[in-house]
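K.L.:
Before we start, here is the structure in question, set down as structure tokens.
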Amino acid sequence: MPRVCDVTGKKTTVGHNVSHSERKTKRTFLPNLQKLKFHSDILGRDFSLRISTAGLRTLTKHGGLDAYVMAKPISRLTDEMAAIKRAIEKKAGKPAKPAKKPVRKANRSARLVKKVSAKTAK
């Protein structure tokens with residue numbers, strides 16, 4: 001199982017140990033992953049996730065697993081989180097797509113409008 005956070009996508013990175021003489025040797029930096037269970041109120045079951053401490057703060061900020069998953073588009077979620085989102089949408093019913101915003105015209109200054117209307121009048 002790879003060392004990857006299910007929320008943030010943090011993974012193992014590579015760098016150098018640097019000695020006093022500045023000799024560099026390869027090393028790996030591991031993410032601070034914790035295996036935690038989160039309860040989905042909508043689905044009524046627990047999900048076991050490997051998340052970093054930064055990911056835990058993100059879930060807390062959004063108000064839990066369900067709120068975080070529903071706030072993010074599927075393209076921004078990992079495979080496990082996308083599967084949870086699909087299950088929640090299936091159980092709760094798909095939310096209606098928001099209405100498209102009307103296209104706004106470019107903001108023209110009064111001077112420019114006067115100039116353009118003068119050219120078209122000739």
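Ligands are numbered from 1 in the order shown, chains are lettered A, B, ... in the order of the structure tokens, and residues start at 1 in each chain.
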Which neighbours of Ala71 of chain A fall inside 10 Å, counting only C-alpha atoms, when residues of the same chain fewer than 3 positions from it are skipped, and could you give them as a list in words?
P.N.:
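After dropping sequence-adjacent residues, the list is His62, Asp66, Ala67, Tyr68, Ile74 and Lys85 of chain A.
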K.L.:
Which of segment 1-118 of chain A end up as strand (DSSP E or B) when DSSP is run on this backbone - answer as a ChimeraX atom specification?
P.N.:
/A:4,11,13-18,24-29,33-40,45-52
K.L.:
What does the distance between atom CA of Phe38 of chain A and atom CA of Gly55 of chain A come to in Å, to one decimal place?
P.N.:
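These atoms are spaced 12.3 Å apart.
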K.L.:
For the structure I just gave you, how does DSSP split chain A - specifically, which residues are helix (DSSP H, G or I)? Reply as a count of residues only.
P.N.:
46
K.L.:
Which residues, written as a PyMOL selection string, have at least one atom at most 8 Å from segment 1-5 of chain A, with only C-alpha atoms counted and residues fewer than 4 positions away on the same chain left out?
P.N.:
chain A and resi 9-12+30-31+33+50-52+55
K.L.:
Can you write just those residues out, C-alpha atoms, as a PDB file, in the first residue's frame?
P.N.:
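Final file, again-v6.pdb:
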```pdb
ATOM      1  CA  GLY A   9      -2.571  13.434  -1.961  1.00  0.00           C
ATOM      2  CA  LYS A  10       0.657  13.991  -0.018  1.00  0.00           C
ATOM      3  CA  LYS A  11       3.174  11.248  -0.677  1.00  0.00           C
ATOM      4  CA  THR A  12       6.773  10.263  -0.053  1.00  0.00           C
ATOM      5  CA  LEU A  30       7.523  10.421   4.676  1.00  0.00           C
ATOM      6  CA  PRO A  31       4.143  12.136   5.109  1.00  0.00           C
ATOM      7  CA  LEU A  33      -0.026   9.541   7.842  1.00  0.00           C
ATOM      8  CA  ARG A  50      -5.048   6.913   5.666  1.00  0.00           C
ATOM      9  CA  ILE A  51      -4.803  10.665   5.944  1.00  0.00           C
ATOM     10  CA  SER A  52      -2.083  13.124   6.843  1.00  0.00           C
ATOM     11  CA  GLY A  55      -5.794  16.208   5.681  1.00  0.00           C
TER      12      GLY A  55
END
```
K.L.:
One decimal, Å: what's the distance from atom CA of Ile42 of chain A over to atom CA of Gly63 of chain A, could you say?
P.N.:
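One can read the atom CA of Ile42 of chain A to atom CA of Gly63 of chain A distance as 13.5 Å.
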K.L.:
Just the number, please: distance in Å from atom CA of Glu89 of chain A to atom CA of Asp46 of chain A, one decimal.
P.N.:
16.6 Å
K.L.:
Excluding Ile84 of chain A and residues on its chain fewer than 3 positions from it, collect all residues at most 9 Å away from it, counting only C-alpha atoms, and give them as a PyMOL selection string.
P.N.:
chain A and resi 47+66+69+79-81+87-89
K.L.:
Filtering to N, CA and C atoms, could you give me those residues as an mmCIF file, in the first residue's frame?
P.N.:
```cif
data_model
loop_
_atom_site.group_PDB
_atom_site.id
_atom_site.type_symbol
_atom_site.label_atom_id
_atom_site.label_comp_id
_atom_site.auth_asym_id
_atom_site.auth_seq_id
_atom_site.Cartn_x
_atom_site.Cartn_y
_atom_site.Cartn_z
ATOM 1 N N PHE A 47 -15.709 4.724 7.473
ATOM 2 C CA PHE A 47 -14.705 4.520 6.434
ATOM 3 C C PHE A 47 -13.335 4.670 7.068
ATOM 4 N N ASP A 66 -18.637 13.829 4.982
ATOM 5 C CA ASP A 66 -19.698 14.059 3.997
ATOM 6 C C ASP A 66 -19.614 15.454 3.383
ATOM 7 N N VAL A 69 -16.502 15.770 0.998
ATOM 8 C CA VAL A 69 -16.648 15.026 -0.258
ATOM 9 C C VAL A 69 -17.653 15.714 -1.178
ATOM 10 N N ASP A 79 -9.335 8.161 -5.721
ATOM 11 C CA ASP A 79 -10.276 7.114 -6.121
ATOM 12 C C ASP A 79 -11.180 6.688 -4.962
ATOM 13 N N GLU A 80 -10.598 6.532 -3.774
ATOM 14 C CA GLU A 80 -11.388 6.103 -2.615
ATOM 15 C C GLU A 80 -12.435 7.150 -2.245
ATOM 16 N N MET A 81 -12.015 8.418 -2.253
ATOM 17 C CA MET A 81 -12.939 9.491 -1.895
ATOM 18 C C MET A 81 -14.011 9.676 -2.970
ATOM 19 N N ALA A 87 -21.328 7.049 -3.780
ATOM 20 C CA ALA A 87 -22.262 6.334 -2.906
ATOM 21 C C ALA A 87 -23.184 7.318 -2.187
ATOM 22 N N ILE A 88 -22.641 8.448 -1.756
ATOM 23 C CA ILE A 88 -23.459 9.457 -1.077
ATOM 24 C C ILE A 88 -24.474 10.055 -2.047
ATOM 25 N N GLU A 89 -24.031 10.370 -3.272
ATOM 26 C CA GLU A 89 -24.955 10.933 -4.268
ATOM 27 C C GLU A 89 -26.053 9.942 -4.615
#
```
K.L.:
For Gly15 of chain A, list every protein, DNA or RNA residue within 12 Å, evaluated using only C-alpha atoms, and leave out those in the same chain fewer than 4 positions away; present the list as a list in words.
P.N.:
Lys24, Thr25, Lys26, Arg27, Thr28, Phe29 and Leu30 of chain A
